[in-house]
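A.B. asks: Below you'll find model_4.cif; it's mmCIF, C-alpha atoms and all ligand atoms.
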```
data_data
#
loop_
_atom_site.label_atom_id
_atom_site.label_comp_id
_atom_site.auth_asym_id
_atom_site.auth_seq_id
_atom_site.Cartn_x
_atom_site.Cartn_y
_atom_site.Cartn_z
CA MET J 1 13.91 6.26 14.03
CA ILE J 2 12.78 5.97 17.64
CA LEU J 3 9.41 6.64 19.20
CA GLU J 4 10.51 8.24 22.47
CA LYS J 5 7.25 9.23 24.13
CA LEU J 6 3.55 8.79 23.62
CA SER J 7 0.67 10.46 25.40
CA LEU J 8 -3.00 9.48 25.16
CA ILE J 9 -6.14 11.24 26.32
CA ASN J 10 -9.55 9.56 26.05
CA PHE J 11 -8.27 7.07 23.48
CA LYS J 12 -10.36 3.86 23.53
CA ASN J 13 -10.24 2.48 27.10
CA TYR J 14 -7.66 5.05 28.33
CA ASP J 15 -8.45 8.23 30.27
CA GLU J 16 -4.92 9.49 30.29
CA ALA J 17 -1.56 7.82 29.84
CA GLN J 18 2.02 8.84 29.29
CA LEU J 19 4.65 6.37 28.17
CA GLU J 20 8.36 6.55 27.52
CA PHE J 21 10.00 3.95 25.37
CA CYS J 22 13.40 2.34 25.00
CA PRO J 23 15.05 2.04 21.58
CA LYS J 24 14.64 -1.73 21.30
CA PHE J 25 11.88 -3.89 22.82
CA ASN J 26 8.83 -2.35 24.49
CA CYS J 27 6.31 -4.81 25.84
CA PHE J 28 2.73 -4.31 26.90
CA VAL J 29 1.71 -7.10 29.22
CA GLY J 30 -1.67 -7.82 30.77
CA ASN J 31 -4.78 -9.95 30.67
CA ASN J 32 -7.31 -10.04 27.86
CA GLY J 33 -9.25 -6.86 27.20
CA MET J 34 -6.95 -4.64 29.29
CA GLY J 35 -5.84 -2.29 26.51
CA LYS J 36 -2.56 -3.72 25.11
CA THR J 37 -3.61 -3.71 21.48
CA ASN J 38 -5.15 -0.26 21.95
CA LEU J 39 -1.65 1.07 22.69
CA LEU J 40 -0.32 -0.44 19.46
CA ASP J 41 -3.26 1.14 17.67
CA ALA J 42 -2.37 4.56 19.10
CA ILE J 43 1.12 4.13 17.63
CA HIS J 44 -0.47 3.09 14.33
CA TYR J 45 -2.46 6.35 14.34
CA ILE J 46 0.76 8.34 14.66
CA SER J 47 2.20 6.70 11.56
CA PHE J 48 -0.87 6.30 9.32
CA CYS J 49 -3.21 9.03 10.66
CA LYS J 50 -5.77 6.30 11.31
CA SER J 51 -6.58 3.22 13.34
CA PHE J 52 -5.42 -0.20 12.16
CA PHE J 53 -8.80 -1.61 13.20
CA ASN J 54 -11.53 0.98 13.04
CA ALA J 55 -11.85 3.33 10.06
CA ILE J 56 -14.41 5.51 11.88
CA ASP J 57 -12.25 7.92 13.87
CA SER J 58 -14.94 8.90 16.37
CA GLN J 59 -15.37 5.27 17.47
CA ASN J 60 -11.84 5.41 18.87
CA ILE J 61 -12.87 8.12 21.33
CA LYS J 62 -13.46 6.76 24.82
CA HIS J 63 -17.18 6.08 25.22
CA ASP J 64 -19.13 9.08 26.56
CA HIS J 65 -16.23 11.50 26.03
CA PRO J 66 -16.15 14.36 23.51
CA PHE J 67 -12.67 13.90 21.98
CA PHE J 68 -9.43 11.97 21.98
CA ALA J 69 -5.90 13.33 21.62
CA LEU J 70 -2.64 11.52 20.88
CA GLN J 71 0.78 13.06 21.02
CA ALA J 72 4.07 11.45 20.06
CA TRP J 73 7.71 12.47 20.07
CA ILE J 74 9.82 10.68 17.48
CA GLN J 75 13.53 10.93 17.02
CA LYS J 76 14.64 10.80 13.41
CA ASN J 77 17.89 12.01 11.82
CA ASP J 78 19.03 13.48 15.17
CA GLU J 79 15.93 15.63 15.55
CA THR J 80 12.86 15.14 17.67
CA HIS J 81 9.56 15.55 15.84
CA GLU J 82 6.25 16.11 17.56
CA ILE J 83 3.09 14.60 16.15
CA PHE J 84 -0.41 15.41 17.30
CA CYS J 85 -3.68 13.76 16.39
CA GLY J 86 -6.98 15.03 17.74
CA VAL J 87 -10.48 13.78 17.01
CA LYS J 88 -13.54 15.60 18.31
CA ARG J 89 -17.05 14.29 17.70
CA GLY J 90 -18.64 16.12 14.76
CA HIS J 91 -15.38 17.83 13.74
CA LYS J 92 -12.68 17.24 11.16
CA LYS J 93 -9.67 15.26 12.39
CA GLN J 94 -6.71 17.43 13.37
CA PHE J 95 -3.26 16.14 12.52
CA LYS J 96 -0.15 18.20 13.18
CA HIS J 97 3.54 17.75 12.54
CA ASN J 98 5.76 19.98 14.71
CA LYS J 99 2.66 22.00 15.66
CA LYS J 100 1.76 22.69 12.01
CA GLU J 101 -1.42 21.22 10.59
CA TYR J 102 -1.14 19.30 7.31
CA GLU J 103 -3.05 20.50 4.28
CA ARG J 104 -3.50 16.90 3.25
CA LEU J 105 -3.00 13.86 5.47
CA SER J 106 -1.35 12.01 2.57
CA GLU J 107 1.70 14.28 3.13
CA HIS J 108 2.33 12.46 6.41
CA ILE J 109 2.15 8.90 5.09
CA GLY J 110 5.59 7.31 4.91
CA LEU J 111 7.42 9.83 7.11
CA TYR J 112 7.42 7.45 10.07
CA PRO J 113 7.00 3.99 8.54
CA LEU J 114 5.53 1.17 10.55
CA VAL J 115 4.73 -2.50 10.09
CA MET J 116 2.02 -4.13 12.19
CA ILE J 117 1.82 -7.89 12.63
CA SER J 118 -1.55 -8.81 14.09
CA PRO J 119 -3.87 -11.82 14.43
CA SER J 120 -6.22 -10.03 12.05
CA ASP J 121 -3.67 -10.50 9.26
CA ILE J 122 -5.54 -13.76 8.62
CA GLU J 123 -8.11 -11.57 6.81
CA LEU J 124 -5.54 -11.31 4.01
CA ILE J 125 -6.19 -14.97 3.30
CA TRP J 126 -9.86 -15.25 4.16
CA ASP J 127 -11.40 -11.97 3.04
CA GLY J 128 -12.14 -10.53 -0.40
CA SER J 129 -9.67 -8.94 -2.80
CA GLU J 130 -10.03 -5.48 -1.25
CA VAL J 131 -7.84 -6.31 1.76
CA ARG J 132 -5.08 -7.67 -0.49
CA ARG J 133 -5.16 -4.55 -2.68
CA LYS J 134 -5.02 -2.41 0.45
CA PHE J 135 -2.06 -4.42 1.70
CA MET J 136 -0.21 -3.75 -1.56
CA ASP J 137 -1.25 -0.10 -1.71
CA SER J 138 -0.35 0.58 1.89
CA ILE J 139 3.21 -0.72 1.38
CA ILE J 140 3.81 1.20 -1.85
CA SER J 141 2.26 4.39 -0.46
CA GLN J 142 4.74 4.41 2.40
CA TYR J 143 7.67 4.90 0.02
CA ASP J 144 6.11 6.28 -3.17
CA LYS J 145 4.18 9.54 -2.75
CA VAL J 146 3.39 9.76 -6.49
CA TYR J 147 1.69 6.38 -6.31
CA LEU J 148 -0.53 7.49 -3.45
CA GLU J 149 -1.52 10.63 -5.39
CA LYS J 150 -2.34 8.57 -8.48
CA LEU J 151 -4.38 6.15 -6.43
CA ILE J 152 -6.40 8.97 -4.87
CA SER J 153 -6.99 10.50 -8.34
CA TYR J 154 -7.94 7.12 -9.82
CA ASN J 155 -10.49 6.52 -7.07
CA HIS J 156 -11.95 9.97 -7.58
CA VAL J 157 -12.34 9.45 -11.36
CA LEU J 158 -13.75 5.96 -10.78
CA HIS J 159 -16.34 7.40 -8.41
CA GLN J 160 -17.35 10.01 -11.01
CA ARG J 161 -17.55 7.45 -13.80
CA ASN J 162 -19.71 5.14 -11.69
CA ALA J 163 -22.01 8.04 -10.79
CA LEU J 164 -22.42 8.84 -14.49
CA LEU J 165 -23.15 5.21 -15.38
CA LYS J 166 -25.77 5.17 -12.66
CA GLN J 167 -27.28 8.39 -13.94
CA PHE J 168 -27.49 6.93 -17.49
CA TYR J 169 -29.17 3.84 -16.10
CA GLU J 170 -31.71 5.73 -14.01
CA ASN J 171 -32.58 8.26 -16.77
CA ARG J 172 -32.37 5.70 -19.56
CA THR J 173 -29.91 7.89 -21.45
CA PHE J 174 -26.38 7.52 -22.75
CA ASP J 175 -23.82 10.12 -23.74
CA SER J 176 -20.54 8.67 -24.95
CA ILE J 177 -18.73 12.04 -24.99
CA SER J 178 -19.13 12.74 -21.29
CA LEU J 179 -18.17 9.15 -20.47
CA GLU J 180 -15.03 9.43 -22.61
CA ILE J 181 -13.80 12.35 -20.50
CA TRP J 182 -13.70 10.08 -17.44
CA ASP J 183 -12.45 7.09 -19.43
CA GLU J 184 -9.39 8.95 -20.63
CA GLN J 185 -8.35 9.89 -17.10
CA LEU J 186 -9.23 6.47 -15.71
CA VAL J 187 -6.93 4.85 -18.27
CA ILE J 188 -4.04 7.26 -17.58
CA TYR J 189 -4.13 6.75 -13.80
CA GLY J 190 -5.09 3.09 -14.03
CA GLN J 191 -2.21 2.10 -16.28
CA GLU J 192 0.25 3.82 -14.00
CA ILE J 193 -1.15 2.03 -10.96
CA ILE J 194 -0.83 -1.33 -12.70
CA ARG J 195 2.72 -0.56 -13.82
CA ILE J 196 3.80 0.45 -10.31
CA ARG J 197 2.10 -2.56 -8.70
CA LYS J 198 3.87 -4.92 -11.12
CA HIS J 199 7.20 -3.31 -10.39
CA PHE J 200 6.53 -3.49 -6.64
CA LEU J 201 5.81 -7.23 -6.88
CA GLU J 202 9.03 -7.87 -8.81
CA GLU J 203 10.94 -6.49 -5.84
CA PHE J 204 8.67 -7.84 -3.11
CA ILE J 205 8.28 -11.48 -4.16
CA PRO J 206 11.94 -12.58 -3.77
CA LEU J 207 12.01 -11.02 -0.27
CA PHE J 208 8.78 -12.78 0.60
CA ILE J 209 10.00 -16.20 -0.59
CA ARG J 210 13.27 -15.87 1.34
CA ASN J 211 11.39 -14.93 4.52
CA TYR J 212 8.95 -17.82 4.12
CA HIS J 213 11.79 -20.31 3.90
CA PHE J 214 13.42 -18.77 6.96
CA ILE J 215 10.26 -18.81 9.09
CA SER J 216 9.03 -22.24 8.05
CA GLY J 217 12.50 -23.78 8.02
CA SER J 218 11.47 -25.58 4.83
CA ASN J 219 11.98 -25.42 1.09
CA GLU J 220 8.29 -25.59 0.24
CA GLU J 221 7.44 -23.76 -2.94
CA VAL J 222 5.48 -20.60 -2.21
CA SER J 223 4.22 -18.03 -4.64
CA LEU J 224 2.40 -14.76 -4.82
CA GLU J 225 0.80 -13.91 -8.16
CA TYR J 226 -0.61 -10.67 -9.46
CA ASP J 227 -4.14 -11.25 -10.69
CA SER J 228 -5.32 -8.33 -12.81
CA SER J 229 -8.28 -7.88 -15.11
CA ILE J 230 -5.83 -6.06 -17.38
CA LYS J 231 -3.20 -8.52 -18.53
CA ASP J 232 -1.43 -8.17 -21.87
CA ILE J 233 -3.96 -5.91 -23.56
CA SER J 234 -4.18 -2.17 -22.80
CA TYR J 235 -6.58 -0.93 -20.13
CA LYS J 236 -8.28 1.23 -22.77
CA THR J 237 -9.15 -1.81 -24.92
CA VAL J 238 -10.43 -3.79 -21.95
CA LEU J 239 -12.48 -0.82 -20.71
CA LEU J 240 -14.10 -0.34 -24.14
CA ALA J 241 -14.91 -4.04 -24.42
CA ALA J 242 -16.53 -3.97 -20.97
CA LEU J 243 -18.82 -1.04 -21.75
CA PRO J 244 -22.02 -3.08 -22.36
CA ARG J 245 -21.44 -4.88 -19.06
CA ASP J 246 -20.61 -1.61 -17.24
CA ARG J 247 -23.81 -0.02 -18.54
CA ALA J 248 -25.94 -2.99 -17.52
CA SER J 249 -24.45 -3.16 -14.02
CA HIS J 250 -24.03 0.64 -13.77
CA HIS J 251 -20.52 0.48 -12.39
CA THR J 252 -16.99 -0.03 -13.72
CA THR J 253 -16.26 -3.75 -13.87
CA VAL J 254 -12.63 -3.72 -15.01
CA GLY J 255 -9.51 -1.95 -13.79
CA PRO J 256 -6.94 -1.95 -11.00
CA HIS J 257 -9.74 -1.48 -8.44
CA ARG J 258 -10.53 -5.16 -9.12
CA ASP J 259 -6.93 -6.43 -8.90
CA ASP J 260 -6.09 -9.29 -6.59
CA LEU J 261 -3.15 -11.30 -5.31
CA ASN J 262 -3.20 -15.10 -5.46
CA PHE J 263 -1.49 -16.77 -2.52
CA LYS J 264 -0.19 -20.27 -3.33
CA LEU J 265 1.70 -23.02 -1.59
CA GLN J 266 3.09 -25.90 -3.66
CA HIS J 267 0.98 -24.55 -6.57
CA ASN J 268 -2.28 -24.85 -4.61
CA SER J 269 -4.49 -22.21 -3.06
CA LEU J 270 -3.19 -21.23 0.39
CA LYS J 271 -6.72 -20.64 1.63
CA LYS J 272 -8.07 -24.03 0.57
CA PHE J 273 -5.17 -26.41 1.08
CA ALA J 274 -2.54 -25.03 3.48
CA SER J 275 -2.42 -25.95 7.18
CA GLN J 276 -2.94 -23.24 9.80
CA GLY J 277 0.77 -23.21 10.61
CA GLN J 278 1.66 -22.83 6.95
CA GLN J 279 -0.82 -19.98 6.63
CA LYS J 280 0.67 -18.25 9.68
CA SER J 281 4.20 -18.60 8.31
CA TYR J 282 3.01 -17.23 4.96
CA LEU J 283 1.48 -14.16 6.63
CA LEU J 284 4.53 -13.54 8.75
CA ALA J 285 6.75 -13.80 5.66
CA LEU J 286 4.56 -11.23 3.90
CA LYS J 287 4.97 -8.82 6.80
CA LEU J 288 8.71 -9.34 7.16
CA ALA J 289 9.13 -8.76 3.42
CA GLN J 290 7.08 -5.58 3.85
CA PHE J 291 9.48 -4.48 6.58
CA GLU J 292 12.56 -5.20 4.46
CA LEU J 293 11.28 -3.43 1.38
CA ILE J 294 10.18 -0.28 3.23
CA LYS J 295 13.46 -0.18 5.10
CA GLU J 296 15.40 -0.41 1.84
CA LYS J 297 13.34 2.29 0.13
CA LYS J 298 13.14 4.73 3.04
CA HIS J 299 16.64 4.15 4.45
CA THR J 300 15.09 3.89 7.88
CA LYS J 301 14.00 0.97 10.03
CA PRO J 302 10.21 1.00 10.39
CA LEU J 303 8.65 0.61 13.82
CA LEU J 304 7.61 -3.01 14.23
CA LEU J 305 4.40 -3.81 16.11
CA LEU J 306 3.89 -7.43 17.13
CA ASP J 307 0.42 -8.08 18.48
CA ASP J 308 -0.28 -11.43 20.11
CA ILE J 309 2.48 -13.10 18.21
CA TYR J 310 2.29 -16.18 20.48
CA ASP J 311 -1.08 -16.79 18.97
CA LYS J 312 0.63 -17.25 15.62
CA LEU J 313 3.68 -19.33 16.39
CA ASP J 314 4.89 -22.26 18.40
CA GLU J 315 7.53 -21.66 21.11
CA SER J 316 10.58 -22.34 18.95
CA ARG J 317 9.39 -20.22 16.03
CA PHE J 318 8.54 -17.42 18.43
CA LYS J 319 12.10 -17.52 19.79
CA GLN J 320 13.46 -17.58 16.27
CA LEU J 321 11.42 -14.50 15.40
CA ILE J 322 12.52 -12.61 18.52
CA GLU J 323 16.11 -13.57 17.74
CA LEU J 324 15.68 -12.20 14.25
CA VAL J 325 14.11 -8.89 15.28
CA SER J 326 16.68 -8.48 18.10
CA GLY J 327 19.36 -8.09 15.44
CA ASP J 328 20.62 -4.89 13.85
CA ASP J 329 18.45 -5.32 10.77
CA PHE J 330 15.49 -4.35 12.90
CA GLY J 331 14.92 -1.24 15.00
CA GLN J 332 12.38 -0.46 17.70
CA VAL J 333 9.81 -3.16 18.45
CA PHE J 334 6.50 -3.01 20.35
CA ILE J 335 5.07 -6.29 21.48
CA THR J 336 2.04 -7.45 23.45
CA ASP J 337 1.85 -10.53 25.65
CA THR J 338 -0.38 -11.94 28.36
CA HIS J 339 2.50 -13.44 30.44
CA PRO J 340 5.00 -11.05 32.08
CA ASP J 341 7.33 -13.83 33.22
CA ARG J 342 7.54 -15.49 29.83
CA ILE J 343 8.54 -12.31 28.08
CA GLN J 344 10.91 -11.15 30.84
CA ALA J 345 12.73 -14.50 30.82
CA MET J 346 13.16 -14.40 27.07
CA PHE J 347 14.68 -10.94 26.95
CA GLU J 348 16.99 -11.67 29.85
CA LYS J 349 18.20 -14.72 27.98
CA ASN J 350 18.94 -12.93 24.76
CA HIS J 351 20.32 -9.80 26.50
CA SER J 352 18.18 -7.36 24.54
CA GLN J 353 17.40 -3.92 25.83
CA HIS J 354 13.77 -3.98 26.91
CA LEU J 355 11.08 -2.22 28.86
CA ILE J 356 7.96 -3.90 30.17
CA TYR J 357 4.70 -2.11 30.90
CA LEU J 358 1.94 -3.80 32.85
CA VAL J 359 -1.44 -2.88 31.42
CA ASN J 360 -4.44 -3.18 33.68
CA ASN J 361 -7.79 -1.93 32.49
CA GLY J 362 -6.55 1.31 30.99
CA SER J 363 -3.89 2.00 33.61
CA ILE J 364 -0.20 1.42 32.90
CA GLN J 365 2.75 0.72 35.19
CA LYS J 366 6.40 0.03 34.52
CA HIS J 367 7.40 -3.51 35.47
CA GLY J 368 10.61 -4.26 37.36
N1 LIG J 401 -14.05 3.65 22.14
C1 LIG J 401 -13.85 2.91 23.24
N2 LIG J 401 -14.19 3.40 24.47
C2 LIG J 401 -13.98 2.66 25.59
N3 LIG J 401 -13.44 1.43 25.58
C3 LIG J 401 -13.09 0.90 24.41
C4 LIG J 401 -13.26 1.59 23.17
N4 LIG J 401 -12.82 0.83 22.17
C5 LIG J 401 -12.38 -0.31 22.73
N5 LIG J 401 -12.53 -0.29 24.07
C6 LIG J 401 -12.21 -1.31 25.07
O1 LIG J 401 -10.86 -1.67 24.99
C7 LIG J 401 -10.73 -3.00 25.46
C8 LIG J 401 -9.92 -3.83 24.50
O2 LIG J 401 -8.64 -3.41 24.54
P1 LIG J 401 -7.53 -4.20 23.73
O3 LIG J 401 -8.04 -4.73 22.46
O4 LIG J 401 -6.36 -3.30 23.69
O5 LIG J 401 -7.27 -5.41 24.72
P2 LIG J 401 -6.00 -6.35 24.84
O6 LIG J 401 -5.31 -6.03 26.11
O7 LIG J 401 -5.21 -6.28 23.60
O8 LIG J 401 -6.70 -7.76 24.99
P3 LIG J 401 -6.40 -9.21 24.32
O9 LIG J 401 -5.34 -9.83 25.18
O10 LIG J 401 -7.69 -9.90 24.47
O11 LIG J 401 -6.00 -8.99 22.92
C9 LIG J 401 -12.11 -3.61 25.53
O12 LIG J 401 -12.46 -3.71 26.88
C10 LIG J 401 -12.96 -2.60 24.81
O13 LIG J 401 -14.25 -2.53 25.31
MG MG J 402 -5.01 -7.57 22.01
#
```
Reformat the file's structure so that it appears as structure tokens.
Ligand SMILES: Nc1ncnc2c1ncn2[C@@H]1O[C@H](COP(=O)(O)OP(=O)(O)OP(=O)(O)O)[C@@H](O)[C@H]1O
Ligand SMILES: [Mg+2]
C.D. replies:
Amino acid sequence: MILEKLSLINFKNYDEAQLEFCPKFNCFVGNNGMGKTNLLDAIHYISFCKSFFNAIDSQNIKHDHPFFALQAWIQKNDETHEIFCGVKRGHKKQFKHNKKEYERLSEHIGLYPLVMISPSDIELIWDGSEVRRKFMDSIISQYDKVYLEKLISYNHVLHQRNALLKQFYENRTFDSISLEIWDEQLVIYGQEIIRIRKHFLEEFIPLFIRNYHFISGSNEEVSLEYDSSIKDISYKTVLLAALPRDRASHHTTVGPHRDDLNFKLQHNSLKKFASQGQQKSYLLALKLAQFELIKEKKHTKPLLLLDDIYDKLDESRFKQLIELVSGDDFGQVFITDTHPDRIQAMFEKNHSQHLIYLVNNGSIQKHG
């Protein structure tokens, strides 16, 4: 799978830009704040129908402009596919595949898989459980459509159940029959989500551990544990037992929407005890395992986006990573850097096919 061309109109700090890419390394080079990461984000839009950074579509429109439009041409299985994304203030987002609008955006997820490695990955360690659930869900959703459907249905039922609990609380009423209708569906979808997440982790964890040892060059013991409010007992039993608490707090306090992942190094919390370098290696290993698993499931090499990777790694580890992603196990790579000479020298040394774009305040020029 190769992203051949990308065109942007009024996207973030760009007026208009057209880029062609090579099948291996594509680098965006420039000073801080020039628009390098914005280009990676445009590519992210094409794969996920949304920004990696900003969930509010209209905030990705260039300030004081009425709309943005992105267009991409991707080669996959010997055919070129055209993808269009348009966002106009006050209108529904338009997303088209080969000029045909999707009925539901979820149909697009997973067709053109992508893995983004970004400095903001640190949120996986520092932020609340929601980001870790999203991390898990976003990987599974790229290769398992049924999972994504179940997740959407679960969230819908959860929303309805919470609204009913709130209504009971505000009106000082309670009606177990109408609650049971939602409970039944919540349990059906919820148990499936838990089962699929457990299965995902069984496959993911060995890949993660192998990648950690490769990146860190050590044999340190790392682990990733599933932390669920539903353990050995059925979701139905746990949900029933939690009813008094759910009524008092007027929302659903147990279920896969509260799941978490525990990151550990040498049996201790990664967040509390690991060094910054160890944390960075851990995050990189998570992302490389994500890449491997999606590649295996989808039989295609995801696009790999490396944002500010120098920020994460020392010189030798950076070289090791570039060496790794230069190989045949990886496909097309997009990378940002602030030093044109550094990146040019590295690619010339390892003889990889590469293209360098100089990014200067929303304008882009080919280098060399
Ligand atoms: N909706 C928008 N309209 C106009 N400009 C925007 C919008 N959103 C972001 N920007 C601008 O984009 C610029 C940031 O671009 P980007 O994050 O791509 O920089 P960068 O080249 O990756 O920099 P760094 O090296 O610091 O990471 C900022 O100047 C920001 O103000
Ligand atoms: Mg950046």
A.B. asks: Quick one, how far is atom CA of J:Pro256 from atom CA of J:Asp227?
C.D. replies: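 Separation between atom CA of J:Pro256 and atom CA of J:Asp227: 9.7 Å.
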A.B. asks: Dump as a list in words all residues having an atom at most 7 Å from (8.2, -3.0, 19.0), computed in the file's coordinates with only C-alpha atoms.
C.D. replies: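 Within 7 Å of (8.2, -3.0, 19.0), the protein and nucleic acid residues are Lys24, Phe25, Asn26, Leu303, Leu304, Leu305, Leu306, Gln332, Val333, Phe334 and Ile335 of chain J.
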A.B. asks: Using all atoms listed in the file, which residues have at least one atom no more than 6 Å from ligand LIG 401 (chain J)? Output them as a PyMOL selection string.
C.D. replies: chain J and resi 12-13+31-38+59-63
A.B. asks: Of the residues J:Asn211, J:Ser58, J:Ser118, J:Ser216, which is the one nearest to J:His91, using all atoms listed in the file?
C.D. replies: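 Smallest distance to J:His91 is found for J:Ser58.
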A.B. asks: Could you check how far atom CA of J:Ala345 sits from atom CA of J:His367, in Å to one decimal?
C.D. replies: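 Separation of atom CA of J:Ala345 and atom CA of J:His367: 13.1 Å.
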A.B. asks: Which polymer residues have any atom within 10 Å of an atom of stretch 248-250 of chain J, counting all atoms listed in the file, with same-chain residues fewer than 3 positions away left out, as a PyMOL selection string?
C.D. replies: chain J and resi 161-170+243-245+253
A.B. asks: For a quick check of understanding, using only C-alpha atoms and all ligand atoms, which of J:Glu202, J:Asp337, J:Asp183, J:Glu348 has the smallest distance to ligand MG 402 (chain J)?
C.D. replies: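 Under the stated criterion, the closest residue is J:Asp337.
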A.B. asks: Which one of J:Gln71, J:Ile177, J:Phe21, J:Asp329 sits closest to J:Leu355 if you count only C-alpha atoms?
C.D. replies: J:Phe21
A.B. asks: Give me, please, the distance in Å between atom CA of J:Asn155 and atom CA of J:Ser129, quoted to one decimal.
C.D. replies: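 The value is 16.1 Å.
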A.B. asks: Please identify all polymer residues within 10 Å of J:Phe135, counting only C-alpha atoms, omitting same-chain residues fewer than 3 positions from it, and present them as a ChimeraX atom specification.
C.D. replies: /J:121,124,129-132,138-140,261,286-287,290
A.B. asks: Between J:Leu265, J:Val157, J:Leu151, J:Ala72, which is the closest to J:Gln185 once you count only C-alpha atoms?
C.D. replies: J:Val157
A.B. asks: So, counting only C-alpha atoms, which residue among J:Leu293, J:Ile181, J:Ala274, J:Ile309 is closest to J:Leu201?
C.D. replies: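 Residue with the minimum atom-to-atom distance to J:Leu201: J:Leu293.
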A.B. asks: Skip J:Leu283 itself and residues of its chain fewer than 4 positions away, then list as an MDAnalysis selection string all residues within 10 Å of it, counting all atoms listed in the file.
C.D. replies: chainID J and resid 117:119 121:125 208 212 263 277:279 287:289 312
